[in-house]
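Step one of this worksheet: look at the structure below.
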Amino acid sequence: MPRITALLALLAAVGFAGLVYAAEEAEDAEHEAKHPEPQQWSWSGPFGHFDRQQLQRGYQVYKEVCAACHGLRLVAFRNLGEPGGPEFSAAQVKALAAAVQVNALDDKGETIQRPATPADRFPSPYPNELAARAANNGALPPDLSVIAKARHGGADYIHALLVGYSDPPAGFQLLPGLSYNPYFETHQIAMPPPLASDGQVTWPDGNPAATKDQMAKDVAAFLTWAAEPKMEERKVLGVQVMIFLAALSGLLFFAYKRVWRDVDH
Amino acid sequence: MDNANVTRRDFLYVATTAVVGVGATVSLWPFIDQMNPAADTLALKEVEFDLAPVVAGQIVTIEWQKKPVFIRRRTAEEIQAAEQTPLSELKDPQTDQARVQKPEWLILVATCTHLGCVPSNQLKGDYGGWLCPCHGSHYDTSGRIRKGPAPQNLAVPPYAFLSDTKVLIGAAPKPAAQANHG
Amino acid sequence: MHGTHSYKPTTGFTKWLDSRLPIIRLVDETLMQFPTPKNLNYWFTFGGILTFMLGVQIISGIVLAMHYVPHEAMAFDSVERIMRDVNYGWLLRYMHSNGASMFFIAVYIHIFRGLYYGSYKAPREVLWLLGILIYVLMMATGFLGYTLPWGQMSFWGATVITNFFSAIPLIGESITQWLWGSFAVDNATLQRFFSLHYLLPFVIAGVVVLHIWALHVPGNNNPLGIDVKGPADTVPFHPYYTVKDGFALVVFVLFFSWFIFFDPNMLGHSDNYIPANRLVTPKHIVPEWYYLPLYAILRAVPDKLFGVILMFGAIFVWAFLPWLDTSRVRSARFRPIFKQLFWILMVVILILGYLGAQTADDKNVVVPWLGLELPIGKLLLARLCTLYYFIHFLVLTPLVGVIETPLPTPESISKAVLAKNGGGVAAVPLAKAAE
């Protein structure tokens, strides 16, 4: 009798998982966006963690390629030096911040620019949405702070999108000003290919070649960190918690057996 | 039940209870710690200030750790008046030298030690320093209480000179960098 | 059946307290001495798990409320600030968001356990009705809470659900605007939703107290569905069920922790990380998974008002179960036909849940994972399943109670347990600790 119950419970669990999976996958099929090819990411799995070098390269790609149009307003410069991220040194963080201008008020109450400090957050390239649209043919370049969590597929999607630009197939009606990209919802995206050529960014010595694919991977990694700066801390604590709970459940199981040993049930 | 059984059973129950207790106690910590200042608040623990634009006799008010701070570039007369005040005239005796690292720069927490108002920069009071408009406390050119209900001198925050023109407020000065006064 | 053993205060302090506020007596009698059937299986541990989850949600919610800002200009950013800057904020947030899903997993198991073992039948009708009330309050609380991060799904989910009320004839539009506090879902809506989201869990806690009280009058049901005949059928709640519930709870928390630490966004929707935009509707508005079967029923009906009525009806039909079910036997273990119907209903509800996540067109059904396309449209299948769902409760349940021949039920729990364990001398429960 208990075996059948367990089997039925398993069946229900599988059904439930299917429910949740369906909620995710069904909408993907309907979007008709091409499914991004899964990549190997260093942070996958319960023991995964970011590759510091990759995050630093990715930051450079963001700064030199993306930051002209895309903000990162939820990230502060000090985050670049904190554990679990690119882990730039304190001096580097200060310098990276100081190289960026942020808004401030002078004593007449007028807006001026001043160098950023580590406490500041990344500034947005446009003062507001209207200005952003006006500068981009009506399209709004989204802020990238949580983009890796705001798109189904996360880093896989970002990478596939960035390297996925191609010529439209025969008969495809491409609207003027848009570029063909099969990984995007409607297959035509307002962003022109941002990674146009290899070597677009010059990384310091000791890093891999700056191919389009590598730059796309690295900025996808950086944006994943930007969206989840606590990921490493979360996984490390998670492993500790799971081990503790497994041990405790073992103890409780034996205590349960002991308590019930002399009772028919 | 023989003794050995009781011991084994008790050990299992004690161990289980202890582990549950440890787990529950450790689990409490995030709920307590979340009330501590968050990272963005802590990032403003220290504030850097550029002294170059400040002229002699000028007082600037900035914010540090959510509190107002006076940065005053003292004139020679103000310095002299502060240094030559006899300690017997002070309600809260402190030499001027103990309150500044460089005599030209007076950095104080702009919170009246009476009931917390911000003393006025415009009203210098009877001793050339500050007058607190709330209950009439007079501070001198070293920020010391001279007259009125305030019990203590204006507090001096920790600060360190990064250079002749840059000061970091909130950081204790490194021992080598600290100028020693009398 | 009430405890035959009474609490006797021994120290001066406990005697003093007992004559003024017998709270220790209450705890002793309801949580320690309380005679509980000794044959409860693990499906019966979910009540304790639910109580724990309510506590988790309330405590994590209260601390989150110390940092969250319920204003449309700051809500999204305040949640991100919790995730990035508040000490352990990420943990508290993920605990709360995944905790809601865990709460619903547990409540569905708890409800379906009741359905299977006939826990809704006399004399536990009020217990059952209070449970339905708790479930409805949970649905409301979950809905209100999901709007708070003010992402795209928050905003548009709020728009869709509040628009239900506009289906009411004559006064619908006024009621909806009154709910909104504006001409559409707006800052006014968000602020009041936060207030109500904070309030309802405490209402739930109050109803839970009534629910447990209503349980303690007749005592727990058990897998055999037969009444407790005497002390041989029961064991005191402590230590027998404190340890069993404790074990089940830790296993559940292990499952919960997997989501918090290793896949915290799996049960959510990526669109909710896009800040709310009232000018752009997401291509596909999907409620959280625990609403999906009801959402499918809503969309199966072409008429707006009737769809809303049927959706709420799908919950309220459960309230009539004690009177719809004509069987004298409680537990499905002894009801072979009812047992089949139970599992068919489970499958139908799962199918409805799957359909609730689909886009609102009438393409053919595609089986998940296998990618197999079935020769039936989504709308038709949803309608058939909805029809079956109501037929199950309104037609089959009363019918089966009458026409089914139940298997013979055991004389008593202790006899059934003895028979299962191969007869022999009935063992005596562990001697209680010093009184």
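Just remember, in the structure tokens the first chain shown is A, the second B, etc., residues are 1-based per chain, and ligands are 1-based in the order shown.
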Legend entry - Contact residues (chain C, partner chain B, 6 Å, only C-alpha atoms) as a list in words: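 That gives the following set of residues: Asp85, Val86, Asn87 and Tyr88 of chain C.
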So that I have them on file, write out the residues from the current selection with all heavy atoms, as a compact mmCIF listing (two decimals), in the first residue's frame.
```txt
# COMPACT_ATOMS: atom_id res chain seq x y z
N ASP C 85 21.77 45.29 -1.42
CA ASP C 85 22.41 46.06 -0.34
C ASP C 85 22.01 45.65 1.07
O ASP C 85 22.82 45.77 1.98
CB ASP C 85 22.12 47.56 -0.53
CG ASP C 85 22.88 48.14 -1.71
OD1 ASP C 85 24.04 47.73 -1.91
OD2 ASP C 85 22.32 49.00 -2.42
N VAL C 86 20.78 45.21 1.27
CA VAL C 86 20.35 44.84 2.62
C VAL C 86 21.06 43.55 3.02
O VAL C 86 21.15 42.61 2.22
CB VAL C 86 18.82 44.66 2.66
CG1 VAL C 86 18.38 44.10 4.01
CG2 VAL C 86 18.12 45.97 2.39
N ASN C 87 21.58 43.52 4.27
CA ASN C 87 22.27 42.32 4.73
C ASN C 87 21.34 41.12 4.66
O ASN C 87 20.26 41.13 5.25
CB ASN C 87 22.74 42.51 6.18
CG ASN C 87 23.73 43.66 6.31
OD1 ASN C 87 24.44 43.99 5.38
ND2 ASN C 87 23.75 44.27 7.48
N TYR C 88 21.74 40.07 3.93
CA TYR C 88 20.93 38.86 3.73
C TYR C 88 19.60 39.15 3.05
O TYR C 88 18.70 38.31 3.06
CB TYR C 88 20.69 38.13 5.06
CG TYR C 88 21.93 37.51 5.62
CD1 TYR C 88 22.59 38.07 6.70
CD2 TYR C 88 22.48 36.36 5.04
CE1 TYR C 88 23.76 37.52 7.20
CE2 TYR C 88 23.64 35.80 5.54
CZ TYR C 88 24.27 36.39 6.61
OH TYR C 88 25.42 35.85 7.11
```
Inset, instruction - Select residues of chain A: the criterion is any atom within 8 Å of an atom of chain B, counting only C-alpha atoms; output as a PyMOL selection string. - result: chain A and resi 78+118-119+248+251-252+254-255+258
Inset, instruction - Within 12 Å of range 84-88 of chain B, counting only C-alpha atoms, which residues show up once you throw out same-chain ones fewer than 3 positions away? Write them as a ChimeraX atom specification, please. - result: /B:77-81,91-97,127,140-142,144-146
Inset, instruction - For Thr51 in chain C, please output as a PyMOL selection string all residues within 12 Å (counting only C-alpha atoms; exclusion window: fewer than 3 positions along the same chain). - result: chain C and resi 45-48+54-58+102-103+106-107+110+134+201+204-209+211-212+245+249
Inset, instruction - Name the residues of range 26-226 of chain A that come out as strand (DSSP E) in a backbone DSSP run; write them as number ranges by chain. - result: A: 101-105, 111-115, 179-180, 188-189
Inset, instruction - Enter the distance from CA of Phe50 in chain A to CA of Trp90 in chain C, in Å, rounded to one decimal. - result: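 Here the two named atoms are 17.8 Å from each other.
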With the cut-off set at 9 Å and counting only C-alpha atoms, tabulate each residue of range 112-169 of chain B with an atom at most that distance from an atom of range 51-62 of chain B, showing the nearest atom pair and its distance in Å to one decimal, ordered by chain and increasing number, as a tab-separated table.
```
residue	atom	partner	partner_atom	distance
B:Asn121	CA	B:Ile59	CA	7.1
B:Asp164	CA	B:Leu51	CA	8.0
B:Thr165	CA	B:Leu51	CA	4.8
B:Lys166	CA	B:Leu51	CA	5.7
B:Val167	CA	B:Leu51	CA	7.2
```
Legend entry - Test item, alpha helix (DSSP H) assignment across range 186-256 of chain A, answer as JSON, numbers by chain: {"A": [212, 213, 214, 215, 216, 217, 218, 219, 220, 221, 222, 223, 224, 225, 226, 227, 231, 232, 233, 234, 235, 236, 237, 238, 239, 240, 241, 242, 243, 244, 245, 246, 247, 248, 249, 250, 251, 252, 253, 254, 255, 256]}
Leaving out range 148-155 of chain C and any residue of its chain fewer than 3 positions from it, which residues lie within 6 Å of it when counting only C-alpha atoms, given as a short mmCIF file (atom, residue, chain, number, x, y, z; two decimals) with N, CA and C atoms, in the first residue's frame?
```
data_model
loop_
_atom_site.label_atom_id
_atom_site.label_comp_id
_atom_site.auth_asym_id
_atom_site.auth_seq_id
_atom_site.Cartn_x
_atom_site.Cartn_y
_atom_site.Cartn_z
N ALA C 75 9.08 51.03 -5.91
CA ALA C 75 8.87 49.63 -5.51
C ALA C 75 9.89 48.69 -6.13
N PHE C 76 10.03 48.75 -7.45
CA PHE C 76 10.95 47.84 -8.14
C PHE C 76 12.36 48.02 -7.62
N GLY C 145 0.50 40.04 -2.98
CA GLY C 145 1.95 40.07 -2.80
C GLY C 145 2.69 40.11 -4.13
N ALA C 158 -2.28 42.27 -12.09
CA ALA C 158 -3.22 43.07 -11.30
C ALA C 158 -4.34 43.62 -12.18
N ASP C 271 9.54 37.89 -17.00
CA ASP C 271 8.98 39.21 -17.30
C ASP C 271 8.82 40.07 -16.06
N ASN C 272 8.80 39.45 -14.89
CA ASN C 272 8.63 40.29 -13.70
C ASN C 272 9.91 40.98 -13.27
N TYR C 273 11.00 40.75 -14.02
CA TYR C 273 12.21 41.54 -13.80
C TYR C 273 12.27 42.72 -14.76
N ILE C 274 11.19 42.91 -15.51
CA ILE C 274 11.07 44.12 -16.34
C ILE C 274 10.17 45.08 -15.56
N PRO C 275 10.64 46.30 -15.30
CA PRO C 275 9.80 47.23 -14.54
C PRO C 275 8.45 47.45 -15.22
N ALA C 276 7.40 47.61 -14.43
CA ALA C 276 6.05 47.74 -14.98
C ALA C 276 5.97 48.87 -16.00
#
```
Legend entry - For Glu64 in chain A: contacts at 10 Å, only C-alpha atoms, fewer than 3 positions along chain excluded, given as a PyMOL selection string: chain A and resi 58-61+67-68+200-202
For the residues in that selection, give me all heavy atoms as a PDB file, in the first residue's frame.
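Output contents, as saved in again_38.pdb:
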```
ATOM      1  N   GLY A  58      34.361  41.232 -19.297  1.00  0.00           N
ATOM      2  CA  GLY A  58      32.970  41.557 -19.611  1.00  0.00           C
ATOM      3  C   GLY A  58      32.629  42.979 -19.216  1.00  0.00           C
ATOM      4  O   GLY A  58      31.905  43.686 -19.934  1.00  0.00           O
ATOM      5  N   TYR A  59      33.167  43.420 -18.078  1.00  0.00           N
ATOM      6  CA  TYR A  59      32.935  44.804 -17.655  1.00  0.00           C
ATOM      7  C   TYR A  59      33.489  45.758 -18.703  1.00  0.00           C
ATOM      8  O   TYR A  59      32.873  46.757 -19.058  1.00  0.00           O
ATOM      9  CB  TYR A  59      33.583  45.079 -16.298  1.00  0.00           C
ATOM     10  CG  TYR A  59      33.588  46.560 -15.980  1.00  0.00           C
ATOM     11  CD1 TYR A  59      32.397  47.231 -15.720  1.00  0.00           C
ATOM     12  CD2 TYR A  59      34.767  47.296 -15.993  1.00  0.00           C
ATOM     13  CE1 TYR A  59      32.382  48.592 -15.471  1.00  0.00           C
ATOM     14  CE2 TYR A  59      34.762  48.656 -15.734  1.00  0.00           C
ATOM     15  CZ  TYR A  59      33.564  49.302 -15.475  1.00  0.00           C
ATOM     16  OH  TYR A  59      33.551  50.655 -15.245  1.00  0.00           O
ATOM     17  N   GLN A  60      34.661  45.415 -19.225  1.00  0.00           N
ATOM     18  CA  GLN A  60      35.271  46.292 -20.212  1.00  0.00           C
ATOM     19  C   GLN A  60      34.422  46.342 -21.482  1.00  0.00           C
ATOM     20  O   GLN A  60      34.244  47.391 -22.090  1.00  0.00           O
ATOM     21  CB  GLN A  60      36.684  45.797 -20.538  1.00  0.00           C
ATOM     22  CG  GLN A  60      37.555  46.887 -21.136  1.00  0.00           C
ATOM     23  CD  GLN A  60      38.957  46.407 -21.421  1.00  0.00           C
ATOM     24  OE1 GLN A  60      39.458  45.486 -20.795  1.00  0.00           O
ATOM     25  NE2 GLN A  60      39.585  47.031 -22.394  1.00  0.00           N
ATOM     26  N   VAL A  61      33.868  45.199 -21.864  1.00  0.00           N
ATOM     27  CA  VAL A  61      32.993  45.180 -23.038  1.00  0.00           C
ATOM     28  C   VAL A  61      31.773  46.059 -22.780  1.00  0.00           C
ATOM     29  O   VAL A  61      31.381  46.876 -23.614  1.00  0.00           O
ATOM     30  CB  VAL A  61      32.542  43.740 -23.386  1.00  0.00           C
ATOM     31  CG1 VAL A  61      31.516  43.760 -24.514  1.00  0.00           C
ATOM     32  CG2 VAL A  61      33.728  42.879 -23.759  1.00  0.00           C
ATOM     33  N   ALA A  67      27.702  50.715 -22.849  1.00  0.00           N
ATOM     34  CA  ALA A  67      27.329  51.800 -21.930  1.00  0.00           C
ATOM     35  C   ALA A  67      26.903  53.068 -22.645  1.00  0.00           C
ATOM     36  O   ALA A  67      26.258  53.927 -22.052  1.00  0.00           O
ATOM     37  CB  ALA A  67      28.481  52.090 -20.973  1.00  0.00           C
ATOM     38  N   ALA A  68      27.254  53.187 -23.924  1.00  0.00           N
ATOM     39  CA  ALA A  68      26.848  54.386 -24.664  1.00  0.00           C
ATOM     40  C   ALA A  68      25.331  54.500 -24.738  1.00  0.00           C
ATOM     41  O   ALA A  68      24.780  55.601 -24.774  1.00  0.00           O
ATOM     42  CB  ALA A  68      27.438  54.340 -26.066  1.00  0.00           C
ATOM     43  N   GLN A 200      37.319  44.308 -31.146  1.00  0.00           N
ATOM     44  CA  GLN A 200      36.668  45.601 -30.910  1.00  0.00           C
ATOM     45  C   GLN A 200      37.084  46.186 -29.567  1.00  0.00           C
ATOM     46  O   GLN A 200      37.148  47.391 -29.389  1.00  0.00           O
ATOM     47  CB  GLN A 200      35.148  45.393 -30.925  1.00  0.00           C
ATOM     48  CG  GLN A 200      34.354  46.630 -31.252  1.00  0.00           C
ATOM     49  CD  GLN A 200      32.904  46.275 -31.523  1.00  0.00           C
ATOM     50  OE1 GLN A 200      32.619  45.259 -32.158  1.00  0.00           O
ATOM     51  NE2 GLN A 200      31.996  47.087 -31.035  1.00  0.00           N
ATOM     52  N   VAL A 201      37.354  45.290 -28.634  1.00  0.00           N
ATOM     53  CA  VAL A 201      37.827  45.709 -27.312  1.00  0.00           C
ATOM     54  C   VAL A 201      39.223  45.131 -27.126  1.00  0.00           C
ATOM     55  O   VAL A 201      39.475  43.982 -27.502  1.00  0.00           O
ATOM     56  CB  VAL A 201      36.884  45.171 -26.213  1.00  0.00           C
ATOM     57  CG1 VAL A 201      37.454  45.436 -24.837  1.00  0.00           C
ATOM     58  CG2 VAL A 201      35.507  45.792 -26.346  1.00  0.00           C
ATOM     59  N   THR A 202      40.112  45.931 -26.537  1.00  0.00           N
ATOM     60  CA  THR A 202      41.474  45.428 -26.305  1.00  0.00           C
ATOM     61  C   THR A 202      41.624  45.072 -24.841  1.00  0.00           C
ATOM     62  O   THR A 202      41.644  45.949 -23.973  1.00  0.00           O
ATOM     63  CB  THR A 202      42.507  46.510 -26.663  1.00  0.00           C
ATOM     64  OG1 THR A 202      42.197  47.010 -27.957  1.00  0.00           O
ATOM     65  CG2 THR A 202      43.914  45.934 -26.644  1.00  0.00           C
TER      66      THR A 202
END
```
